[in-house]
>>> print(open('data.txt').read())   # compact mmCIF, C-alpha atoms
# COMPACT_ATOMS: atom_id res chain seq x y z
CA MET A 1 116.18 86.54 75.45
CA ASP A 2 114.28 87.83 72.45
CA GLY A 3 112.12 90.05 74.62
CA ILE A 4 110.21 93.28 74.27
CA HIS A 5 113.13 95.12 75.94
CA ASP A 6 115.25 94.58 72.80
CA MET A 7 113.76 97.58 71.03
CA GLY A 8 116.43 98.72 68.57
CA GLY A 9 114.86 99.33 65.16
CA MET A 10 111.25 98.60 66.08
CA HIS A 11 108.57 100.70 64.42
CA GLY A 12 105.38 102.19 65.75
CA PHE A 13 106.38 103.74 69.08
CA GLY A 14 105.90 107.28 67.80
CA LYS A 15 107.83 110.45 68.44
CA VAL A 16 110.38 111.11 71.13
CA GLU A 17 108.86 113.61 73.55
CA PRO A 18 111.36 115.69 75.50
CA GLU A 19 110.00 117.27 78.68
CA PRO A 20 111.25 120.79 79.47
CA ASN A 21 112.69 121.27 82.96
CA GLU A 22 112.17 117.63 83.84
CA PRO A 23 112.61 116.77 87.55
CA VAL A 24 115.04 114.00 88.55
CA PHE A 25 112.11 112.04 90.01
CA HIS A 26 108.52 112.73 89.03
CA GLU A 27 107.08 111.10 92.14
CA LYS A 28 108.54 110.50 95.57
CA TRP A 29 108.17 106.72 95.22
CA GLU A 30 110.44 106.74 92.16
CA GLY A 31 113.30 108.00 94.29
CA ARG A 32 112.57 105.37 96.96
CA VAL A 33 112.60 102.53 94.39
CA PHE A 34 115.79 103.85 92.87
CA ALA A 35 117.51 104.14 96.25
CA MET A 36 116.23 100.75 97.47
CA THR A 37 117.62 99.11 94.36
CA ARG A 38 120.96 100.80 94.94
CA ALA A 39 120.94 99.72 98.58
CA ILE A 40 120.17 96.09 97.73
CA SER A 41 122.82 96.18 95.01
CA PHE A 42 125.30 97.41 97.64
CA THR A 43 124.75 94.22 99.65
CA GLY A 44 126.30 92.30 96.76
CA ILE A 45 123.46 89.78 96.73
CA TRP A 46 123.08 89.99 92.96
CA PRO A 47 124.84 91.57 89.99
CA ILE A 48 123.36 94.36 87.89
CA ASP A 49 122.63 91.99 85.02
CA ARG A 50 120.31 90.04 87.26
CA SER A 51 118.33 93.27 87.76
CA ARG A 52 118.20 93.80 84.01
CA SER A 53 117.22 90.19 83.44
CA ALA A 54 114.32 90.42 85.94
CA GLN A 55 112.88 93.40 84.05
CA GLU A 56 113.32 91.70 80.69
CA LYS A 57 111.31 88.75 81.94
CA LEU A 58 108.27 90.89 82.75
CA PRO A 59 105.37 90.00 80.42
CA PRO A 60 105.63 92.23 77.32
CA ASP A 61 102.35 94.03 78.02
CA VAL A 62 103.45 94.77 81.58
CA TYR A 63 106.87 95.95 80.40
CA LEU A 64 105.39 98.34 77.85
CA SER A 65 102.69 99.74 80.09
CA SER A 66 104.92 100.26 83.13
CA SER A 67 106.98 103.38 83.69
CA TYR A 68 110.74 103.03 84.05
CA TYR A 69 110.74 103.07 87.84
CA LYS A 70 107.69 100.82 88.05
CA ARG A 71 109.76 98.29 86.12
CA TRP A 72 112.51 98.75 88.70
CA GLU A 73 110.00 98.03 91.47
CA LEU A 74 108.68 94.92 89.71
CA GLY A 75 112.20 93.70 88.93
CA LEU A 76 113.32 94.26 92.51
CA GLU A 77 110.30 92.41 93.92
CA SER A 78 110.88 89.57 91.49
CA ASN A 79 114.54 89.09 92.42
CA LEU A 80 113.84 89.40 96.16
CA ALA A 81 111.19 86.70 95.87
CA ALA A 82 113.36 84.44 93.69
CA LEU A 83 116.14 84.51 96.29
CA GLY A 84 113.77 84.09 99.22
CA LEU A 85 114.66 87.50 100.66
CA ALA A 86 111.14 88.96 100.67
CA SER A 87 107.89 87.50 99.39
CA ALA A 88 104.76 88.77 97.73
CA ASP A 89 102.67 88.01 100.82
CA GLU A 90 104.94 90.25 102.90
CA ILE A 91 104.69 93.10 100.41
CA ALA A 92 100.91 92.66 100.38
CA ALA A 93 100.88 92.71 104.18
CA GLY A 94 103.22 95.71 104.29
CA HIS A 95 105.31 94.00 106.97
CA ALA A 96 107.93 91.30 107.30
CA LEU A 97 106.27 87.98 108.08
CA ARG A 98 109.55 86.06 108.40
CA PRO A 99 112.99 87.05 109.67
CA GLY A 100 115.50 88.43 107.18
CA THR A 101 118.43 86.50 105.75
CA PRO A 102 121.83 87.83 106.90
CA LEU A 103 123.49 89.69 104.01
CA ALA A 104 127.18 90.48 103.50
CA ARG A 105 126.74 94.20 104.10
CA LYS A 106 124.18 96.96 104.40
CA LEU A 107 124.23 100.45 102.94
CA GLY A 108 124.56 102.81 105.91
CA THR A 109 124.55 106.60 105.80
CA SER A 110 128.34 106.68 105.97
CA ASP A 111 128.63 104.38 102.94
CA VAL A 112 126.49 106.46 100.60
CA ALA A 113 129.14 108.85 99.27
CA GLY A 114 131.45 105.96 98.36
CA SER A 115 128.61 103.96 96.81
CA LEU A 116 127.91 106.58 94.17
CA THR A 117 130.94 105.60 92.10
CA ARG A 118 130.36 103.04 89.41
CA GLY A 119 131.76 99.61 90.10
CA SER A 120 134.40 98.17 87.83
CA PHE A 121 133.47 95.36 85.49
CA ALA A 122 136.97 94.80 84.11
CA ARG A 123 138.62 91.51 85.05
CA PRO A 124 141.97 89.85 84.31
CA ALA A 125 142.02 88.04 80.99
CA SER A 126 142.66 84.31 80.89
CA ALA A 127 143.42 84.31 77.15
CA PRO A 128 144.55 86.87 74.57
CA ALA A 129 141.91 88.81 72.67
CA ARG A 130 140.86 86.97 69.52
CA PHE A 131 140.19 90.13 67.50
CA LYS A 132 142.00 93.42 66.94
CA PRO A 133 140.89 96.80 65.57
CA GLY A 134 140.18 96.56 61.85
CA ASP A 135 139.10 92.90 61.92
CA ARG A 136 135.84 92.09 60.17
CA VAL A 137 133.48 90.16 62.39
CA ARG A 138 129.97 88.78 62.15
CA ALA A 139 127.65 88.97 65.13
CA LYS A 140 126.50 85.42 65.64
CA ASN A 141 122.94 84.44 64.87
CA ILE A 142 122.18 83.30 68.40
CA HIS A 143 118.93 83.47 70.33
CA PRO A 144 119.56 82.54 73.96
CA ALA A 145 116.34 82.33 75.94
CA THR A 146 118.15 83.89 78.90
CA HIS A 147 119.83 87.30 79.41
CA THR A 148 122.14 88.53 76.67
CA ARG A 149 123.46 91.91 75.59
CA LEU A 150 123.67 91.17 71.89
CA PRO A 151 120.78 93.14 70.35
CA ARG A 152 118.68 91.35 67.75
CA TYR A 153 119.27 93.94 65.06
CA ALA A 154 123.00 93.13 64.97
CA ARG A 155 122.73 89.34 64.81
CA GLY A 156 124.02 87.86 61.58
CA ARG A 157 125.43 91.26 60.51
CA VAL A 158 129.03 92.00 59.58
CA GLY A 159 130.90 94.87 61.19
CA VAL A 160 134.42 96.01 61.98
CA ILE A 161 136.21 95.97 65.33
CA LYS A 162 136.90 99.61 66.24
CA ALA A 163 138.24 99.17 69.76
CA VAL A 164 139.17 96.52 72.30
CA ARG A 165 137.74 97.59 75.67
CA GLY A 166 139.41 95.01 77.89
CA CYS A 167 138.12 91.87 79.52
CA HIS A 168 134.80 92.27 81.35
CA VAL A 169 132.24 90.37 83.42
CA PHE A 170 130.07 88.42 80.96
CA PRO A 171 126.40 89.40 81.41
CA ASP A 172 125.06 86.21 79.83
CA THR A 173 126.46 83.99 82.57
CA VAL A 174 126.54 86.28 85.60
CA ALA A 175 122.83 87.12 85.18
CA ILE A 176 121.82 83.48 85.63
CA GLY A 177 124.20 82.53 88.40
CA LEU A 178 126.85 80.89 86.23
CA GLY A 179 129.66 83.20 87.31
CA GLU A 180 131.48 86.22 85.97
CA ASN A 181 133.20 84.23 83.22
CA PRO A 182 135.13 87.32 81.97
CA GLN A 183 135.23 87.89 78.21
CA TRP A 184 136.91 90.35 75.88
CA LEU A 185 134.72 93.31 75.01
CA TYR A 186 134.86 95.13 71.68
CA THR A 187 133.26 98.13 70.02
CA VAL A 188 131.94 96.79 66.71
CA LEU A 189 130.88 99.27 64.03
CA PHE A 190 128.21 98.45 61.44
CA GLU A 191 127.19 100.37 58.36
CA GLY A 192 123.57 101.46 58.63
CA ARG A 193 122.80 99.66 55.38
CA GLU A 194 124.24 96.39 56.68
CA LEU A 195 121.74 96.58 59.53
CA TRP A 196 118.69 98.08 57.90
CA GLY A 197 118.99 97.59 54.16
CA GLU A 198 119.72 99.65 51.09
CA ALA A 199 116.98 102.24 51.68
CA THR A 200 118.78 103.38 54.84
CA ASP A 201 120.40 106.79 55.30
CA PRO A 202 123.91 106.26 53.82
CA THR A 203 125.45 108.52 56.47
CA LEU A 204 124.42 106.20 59.32
CA LYS A 205 126.79 103.97 61.27
CA VAL A 206 125.89 102.15 64.48
CA SER A 207 128.22 100.54 66.98
CA ILE A 208 127.49 98.02 69.69
CA GLU A 209 129.65 96.88 72.59
CA ALA A 210 130.02 93.18 71.92
CA PHE A 211 131.53 90.40 74.03
CA GLU A 212 133.83 87.97 72.24
CA PRO A 213 131.41 84.99 72.43
CA TYR A 214 128.94 87.06 70.38
CA LEU A 215 131.37 87.34 67.46
CA GLU A 216 132.95 85.20 64.75
CA ALA A 217 135.51 86.13 62.10
CA ALA A 218 133.99 87.32 58.81
CA MET B 219 83.88 123.73 85.31
CA THR B 220 82.74 123.50 88.90
CA HIS B 221 85.00 123.26 91.85
CA ASP B 222 83.65 119.77 92.57
CA HIS B 223 84.68 118.52 89.16
CA ASP B 224 88.22 119.80 89.59
CA HIS B 225 88.35 118.21 92.99
CA ASP B 226 87.22 114.84 91.61
CA ASP B 227 89.83 114.90 88.87
CA HIS B 228 92.51 115.68 91.37
CA HIS B 229 91.33 112.95 93.68
CA GLU B 230 91.29 110.31 90.94
CA HIS B 231 94.78 111.29 89.86
CA GLY B 232 95.93 111.05 93.45
CA SER B 233 94.51 107.54 93.86
CA GLU B 234 96.31 106.31 90.80
CA LEU B 235 99.59 107.54 92.18
CA SER B 236 98.99 106.13 95.60
CA GLU B 237 98.85 102.58 94.25
CA MET B 238 102.59 102.76 93.49
CA GLN B 239 103.26 104.86 96.56
CA LEU B 240 101.66 102.22 98.75
CA ARG B 241 103.40 99.33 97.02
CA VAL B 242 106.81 100.95 97.25
CA ARG B 243 106.25 101.99 100.85
CA ALA B 244 105.23 98.42 101.70
CA LEU B 245 108.41 97.05 100.14
CA GLU B 246 110.55 99.61 101.95
CA THR B 247 108.94 98.65 105.26
CA VAL B 248 109.48 94.94 104.63
CA LEU B 249 113.13 95.43 103.63
CA THR B 250 113.77 97.71 106.60
CA GLU B 251 112.19 95.28 109.06
CA LYS B 252 114.27 92.45 107.62
CA GLY B 253 117.39 94.51 108.19
CA TYR B 254 118.42 94.80 104.53
CA ILE B 255 118.18 98.58 104.13
CA ASP B 256 118.47 101.76 106.17
CA PRO B 257 115.87 104.38 105.13
CA ALA B 258 118.21 107.20 106.22
CA ALA B 259 120.76 105.97 103.69
CA LEU B 260 118.07 105.95 101.01
CA ASP B 261 117.37 109.60 101.81
CA LEU B 262 121.02 110.44 101.16
CA VAL B 263 121.10 108.51 97.86
CA ILE B 264 118.05 110.42 96.64
CA GLU B 265 119.46 113.74 97.84
CA ALA B 266 122.73 113.10 96.00
CA TYR B 267 120.98 112.46 92.68
CA GLU B 268 118.57 115.37 93.15
CA THR B 269 121.13 117.95 94.20
CA LYS B 270 124.73 116.92 93.47
CA ILE B 271 124.97 114.55 90.53
CA GLY B 272 123.94 116.01 87.21
CA PRO B 273 124.85 117.36 83.79
CA HIS B 274 126.71 120.33 85.29
CA THR B 275 129.61 117.90 85.80
CA GLY B 276 129.62 116.87 82.16
CA ALA B 277 129.33 120.52 81.12
CA SER B 278 132.48 121.36 83.09
CA VAL B 279 134.30 118.49 81.40
CA VAL B 280 133.26 119.70 77.94
CA ALA B 281 134.16 123.32 78.68
CA LYS B 282 137.59 122.21 79.88
CA ALA B 283 138.09 120.21 76.68
CA TRP B 284 137.12 123.26 74.62
CA THR B 285 139.79 125.41 76.27
CA ASP B 286 142.60 122.97 76.95
CA PRO B 287 143.87 120.94 73.96
CA ALA B 288 145.98 118.64 76.15
CA PHE B 289 142.95 117.83 78.29
CA ARG B 290 140.87 117.26 75.16
CA ARG B 291 143.40 114.71 73.90
CA ALA B 292 143.53 113.01 77.29
CA LEU B 293 139.72 112.90 77.40
CA ILE B 294 139.47 111.18 74.05
CA GLU B 295 142.29 108.81 75.01
CA ASP B 296 140.80 107.77 78.37
CA ALA B 297 137.85 109.75 79.71
CA THR B 298 137.80 107.95 83.06
CA LYS B 299 141.38 109.04 83.78
CA ALA B 300 140.99 112.52 82.32
CA VAL B 301 137.80 113.36 84.24
CA GLN B 302 139.44 112.06 87.41
CA THR B 303 142.13 114.74 87.10
CA LEU B 304 139.50 117.51 87.30
CA GLY B 305 138.56 116.58 90.87
CA LEU B 306 134.83 117.04 90.17
CA LEU B 307 133.99 113.58 91.49
CA ASN B 308 135.38 111.51 94.37
CA ARG B 309 136.36 108.80 91.95
CA VAL B 310 135.32 108.30 88.35
CA GLY B 311 133.97 104.86 87.55
CA ASP B 312 135.49 102.70 84.88
CA HIS B 313 135.02 102.87 81.17
CA LEU B 314 133.79 106.33 80.51
CA ILE B 315 134.37 107.05 76.83
CA ALA B 316 134.20 110.52 75.26
CA VAL B 317 133.28 110.70 71.58
CA GLU B 318 133.97 113.89 69.68
CA ASN B 319 131.74 115.66 67.20
CA THR B 320 133.36 117.31 64.19
CA PRO B 321 131.93 119.26 61.24
CA LYS B 322 131.68 115.91 59.41
CA LEU B 323 130.64 113.59 62.23
CA HIS B 324 127.79 113.70 64.75
CA ASN B 325 127.66 111.22 67.63
CA MET B 326 124.54 110.06 69.44
CA ILE B 327 124.26 107.82 72.51
CA VAL B 328 121.53 105.28 73.22
CA CYS B 329 120.90 102.07 75.10
CA THR B 330 118.42 100.04 73.09
CA LEU B 331 118.30 97.15 75.60
CA CYS B 332 117.63 99.11 78.80
CA SER B 333 118.71 102.67 79.59
CA CYS B 334 122.46 102.67 80.28
CA TYR B 335 123.65 106.23 80.67
CA PRO B 336 126.73 107.99 82.10
CA TRP B 337 125.14 108.79 85.48
CA GLU B 338 128.32 110.15 87.05
CA VAL B 339 128.74 112.96 84.54
CA LEU B 340 125.13 113.53 83.39
CA GLY B 341 123.03 112.42 86.38
CA LEU B 342 120.00 110.18 85.93
CA PRO B 343 118.59 109.99 82.41
CA PRO B 344 115.48 111.91 81.33
CA VAL B 345 112.27 109.98 80.67
CA TRP B 346 112.61 110.31 76.90
CA TYR B 347 116.03 108.60 76.96
CA LYS B 348 114.41 105.60 78.67
CA SER B 349 111.35 105.60 76.43
CA ALA B 350 110.48 103.08 73.73
CA PRO B 351 110.46 105.69 70.92
CA TYR B 352 114.05 106.75 71.61
CA ARG B 353 115.39 103.25 72.20
CA ALA B 354 113.70 101.96 69.05
CA ARG B 355 114.37 104.74 66.56
CA SER B 356 117.76 106.15 67.42
CA VAL B 357 119.58 103.22 65.78
CA ASN B 358 117.71 103.25 62.46
CA ASP B 359 116.34 106.78 62.18
CA PRO B 360 118.60 109.11 64.14
CA ARG B 361 117.82 112.05 61.89
CA GLY B 362 114.13 111.52 62.59
CA VAL B 363 114.90 111.51 66.31
CA LEU B 364 116.95 114.69 65.94
CA ALA B 365 113.97 116.28 64.18
CA ASP B 366 111.86 115.50 67.27
CA PHE B 367 114.37 117.67 69.14
CA GLY B 368 114.21 120.38 66.51
CA VAL B 369 117.74 119.60 65.30
CA THR B 370 118.62 119.36 61.61
CA LEU B 371 122.12 118.44 60.48
CA PRO B 372 123.63 118.80 57.00
CA ALA B 373 122.67 115.86 54.76
CA ASP B 374 126.30 114.80 54.36
CA THR B 375 127.15 114.78 58.07
CA GLN B 376 128.00 111.25 59.15
CA ILE B 377 125.78 110.05 62.00
CA ARG B 378 127.42 107.69 64.45
CA VAL B 379 125.14 106.01 66.99
CA TRP B 380 126.71 104.30 70.01
CA ASP B 381 124.50 101.59 71.49
CA SER B 382 125.53 101.17 75.14
CA THR B 383 125.18 97.40 75.25
CA ALA B 384 127.86 96.77 77.92
CA GLU B 385 129.30 98.59 80.95
CA THR B 386 131.16 101.12 78.86
CA ARG B 387 129.50 104.54 79.11
CA PHE B 388 129.60 107.31 76.55
CA ILE B 389 129.52 111.09 76.61
CA VAL B 390 129.50 113.24 73.49
CA LEU B 391 132.01 116.05 73.23
CA PRO B 392 130.06 118.56 71.14
CA MET B 393 131.66 121.23 68.95
CA ARG B 394 132.46 124.56 70.55
CA PRO B 395 130.03 127.20 69.27
CA SER B 396 131.50 130.02 67.23
CA GLY B 397 131.61 133.49 68.70
CA THR B 398 133.03 132.25 72.00
CA ASP B 399 136.67 133.25 71.60
CA GLY B 400 138.20 134.27 74.89
CA TRP B 401 135.33 132.89 76.99
CA SER B 402 136.21 131.39 80.36
CA GLU B 403 135.53 127.73 81.10
CA GLU B 404 132.75 128.74 83.49
CA LYS B 405 131.03 130.83 80.83
CA LEU B 406 131.49 128.15 78.17
CA ALA B 407 129.93 125.56 80.50
CA THR B 408 126.66 127.54 80.41
CA LEU B 409 126.40 126.68 76.70
CA VAL B 410 126.71 122.94 77.26
CA THR B 411 123.29 121.32 77.49
CA ARG B 412 122.62 117.80 78.69
CA ASP B 413 121.20 116.89 75.30
CA SER B 414 124.33 118.11 73.54
CA MET B 415 126.29 115.54 75.56
CA ILE B 416 123.85 112.76 74.54
CA GLY B 417 123.88 113.88 70.92
CA THR B 418 120.21 114.79 70.63
CA GLY B 419 120.99 118.49 70.83
CA LEU B 420 123.65 121.06 70.07
CA PRO B 421 125.26 123.45 72.54
CA LYS B 422 123.56 126.80 72.98
CA THR B 423 124.84 129.70 70.92
CA PRO B 424 126.25 132.80 72.64
CA GLY B 425 123.04 134.63 71.70
CA GLU B 426 120.92 132.13 73.66
CA VAL B 427 122.63 132.84 76.97
CA ALA B 428 123.22 136.58 76.49
>>> encode(input="data.txt", output="structure tokens")
Amino acid sequence: MDGIHDMGGMHGFGKVEPEPNEPVFHEKWEGRVFAMTRAISFTGIWPIDRSRSAQEKLPPDVYLSSSYYKRWELGLESNLAALGLASADEIAAGHALRPGTPLARKLGTSDVAGSLTRGSFARPASAPARFKPGDRVRAKNIHPATHTRLPRYARGRVGVIKAVRGCHVFPDTVAIGLGENPQWLYTVLFEGRELWGEATDPTLKVSIEAFEPYLEAA
Amino acid sequence: MTHDHDHDDHHEHGSELSEMQLRVRALETVLTEKGYIDPAALDLVIEAYETKIGPHTGASVVAKAWTDPAFRRALIEDATKAVQTLGLLNRVGDHLIAVENTPKLHNMIVCTLCSCYPWEVLGLPPVWYKSAPYRARSVNDPRGVLADFGVTLPADTQIRVWDSTAETRFIVLPMRPSGTDGWSEEKLATLVTRDSMIGTGLPKTPGEVA
């Protein structure tokens, strides 16, 4: 979706402000939200792109005015409610008002160490890759109203395939319950001037990680 | 100012925080009562990210690459496999990609769409990495972003920005600082900052850690 989360190239946000000696979590609740999200993810009830999608669907003013972990909390609540796992009235009450739904598994203390490794998103390919390194490709001018990982700034722009990263779970379908639908993933490199115009720093190049359905031959 | 004033300020600040504290606590209670989560497991997840998982792992990887040319080649070829051989992590997740700085090329990592970051080797990302200014500007004004970090690169250095738009994860292999001949891996690792592995900083010089 063409949401506020798709920030690449936007103006007006000001300077980047590094914080010296920054703690991992600034408040205790941030750690709890983080860990709860990991624990729910461990149950396998929804894929990571559904978490991203829930945050992207927050109203733009809420997205911008919420801290990173507040967005996690809001996204988690939203997905739990959408799947009927926990409702707003229960969160308001601070207690379960209905019994839980049985889930495939639950993150126990003995599972934590193993759960810290990233999952694999690579899947067997059902067709050969359409592009190879060196091919010129155009990022399609598409504007799906649902989750996608093709940033707006690349759409319609021509770049070069730099690497083929294998066949991966396709975020656009898995986020909305239409299955993993694995697709070839490429690193596509764009000249800065192709993206931002002639006034751009000539030393700049930007790459995106693009799924095959985002690309057409150029 | 008076003691009362200070107290009021503190109190107001505390109330603001407690709104999220209460909301998150309520959700944790609901999810626990429904049998979805175990709070003791949450404690361990938090402890791992606060005490075990962090940029020291990435720094060891970089220091190894600086001292061992075969490892450096393996790292560039397949960082997931190469980092696995160091035994720093139980298992390295898929699709870690190391990108190497040279005198002519500077790499920078961003995720414009959310905040994808190589957690396993760098820990959780700092607030600035997740902030709108960084996500917005790094792809069209990376030199401006570098200036915010006090970093200036030669005008003819190529800047290569990697937008982490899929499940591939990137770590920058910065250049080894001069004046470090004969240094051990352990000592070299003290020069490797988190930001140098994101591309918003450079490694420390020997003088900075002397």
>>> residues_near_point(input="data.txt", point="(140.8, 88.5, 75.9)", cutoff="6 Å", atoms="all atoms listed in the file", output="list in words")
Ala125, Ala127, Pro128, Ala129, Cys167 and Trp184 of chain A
>>> atom_distance(input="data.txt", atom1="CA of Met415 in chain B", atom2="CA of Thr383 in chain B")
18.2 Å
>>> closest_residue(input="data.txt", among="B:Leu420, B:Ile377, B:Val390, B:Ala258", to="Lys322 in chain B", atoms="only C-alpha atoms")
B:Ile377
>>> interface_residues(input="data.txt", of="chain B", to="chain A", cutoff="6 Å", atoms="all atoms listed in the file", output="ChimeraX atom specification")
/B:239,244-245,248,252,259-260,263-264,268,311-312,330-331,346,351-355,358,376-381,383-384
>>> atom_distance(input="data.txt", atom1="CA of Arg309 in chain B", atom2="CA of Thr285 in chain B")
23.1 Å
>>> axis_aligned_box(input="data.txt", around="range 38-45 of chain A", padding_each_side="3 Å", output="AutoDock Vina command-line options")
--center_x 123.2 --center_y 95.3 --center_z 97.3 --size_x 12.1 --size_y 17.0 --size_z 10.7
>>> residues_near_point(input="data.txt", point="(120.3, 113.6, 73.8)", cutoff="10 Å", atoms="all atoms listed in the file", output="list in words")
Pro18 of chain A; Asn325, Met326, Ile327, Val328, Pro343, Pro344, Trp346, Tyr347, Tyr352, Val363, Leu364, Phe367, Ile389, Val390, Thr411, Arg412, Asp413, Ser414, Met415, Ile416, Gly417, Thr418, Gly419 and Leu420 of chain B
>>> closest_residue(input="data.txt", among="A:Ala199, A:Ile161, A:Leu215, A:Leu58", to="Ile142 in chain A", atoms="all atoms listed in the file")
A:Leu215
>>> decode(input="data.txt", residues="range 128-156 of chain A", atoms="C-alpha atoms", output="PDB file, in the first residue's frame")
ATOM      1  CA  PRO A 128      13.693 -20.927 -13.437  1.00  0.00           C
ATOM      2  CA  ALA A 129      14.661 -17.350 -12.615  1.00  0.00           C
ATOM      3  CA  ARG A 130      13.580 -14.976 -15.365  1.00  0.00           C
ATOM      4  CA  PHE A 131      16.508 -12.582 -14.900  1.00  0.00           C
ATOM      5  CA  LYS A 132      20.257 -12.948 -14.445  1.00  0.00           C
ATOM      6  CA  PRO A 133      22.969 -10.578 -13.194  1.00  0.00           C
ATOM      7  CA  GLY A 134      23.554  -7.787 -15.693  1.00  0.00           C
ATOM      8  CA  ASP A 135      19.981  -7.743 -17.026  1.00  0.00           C
ATOM      9  CA  ARG A 136      18.314  -4.345 -17.226  1.00  0.00           C
ATOM     10  CA  VAL A 137      14.943  -4.312 -15.534  1.00  0.00           C
ATOM     11  CA  ARG A 138      12.237  -1.775 -14.806  1.00  0.00           C
ATOM     12  CA  ALA A 139      10.429  -1.825 -11.487  1.00  0.00           C
ATOM     13  CA  LYS A 140       6.783  -1.981 -12.423  1.00  0.00           C
ATOM     14  CA  ASN A 141       4.549   1.000 -11.855  1.00  0.00           C
ATOM     15  CA  ILE A 142       2.190  -0.833  -9.532  1.00  0.00           C
ATOM     16  CA  HIS A 143       0.246   0.467  -6.553  1.00  0.00           C
ATOM     17  CA  PRO A 144      -1.318  -2.445  -4.690  1.00  0.00           C
ATOM     18  CA  ALA A 145      -3.589  -1.269  -1.886  1.00  0.00           C
ATOM     19  CA  THR A 146      -2.323  -4.168   0.239  1.00  0.00           C
ATOM     20  CA  HIS A 147       1.141  -5.067   1.590  1.00  0.00           C
ATOM     21  CA  THR A 148       4.059  -4.881  -0.824  1.00  0.00           C
ATOM     22  CA  ARG A 149       7.817  -4.538  -0.472  1.00  0.00           C
ATOM     23  CA  LEU A 150       8.401  -2.550  -3.634  1.00  0.00           C
ATOM     24  CA  PRO A 151       9.163   0.986  -2.422  1.00  0.00           C
ATOM     25  CA  ARG A 152       7.473   3.834  -4.262  1.00  0.00           C
ATOM     26  CA  TYR A 153      10.711   5.576  -5.154  1.00  0.00           C
ATOM     27  CA  ALA A 154      11.792   2.640  -7.341  1.00  0.00           C
ATOM     28  CA  ARG A 155       8.554   2.182  -9.282  1.00  0.00           C
ATOM     29  CA  GLY A 156       8.887   2.905 -12.977  1.00  0.00           C
TER      30      GLY A 156
END
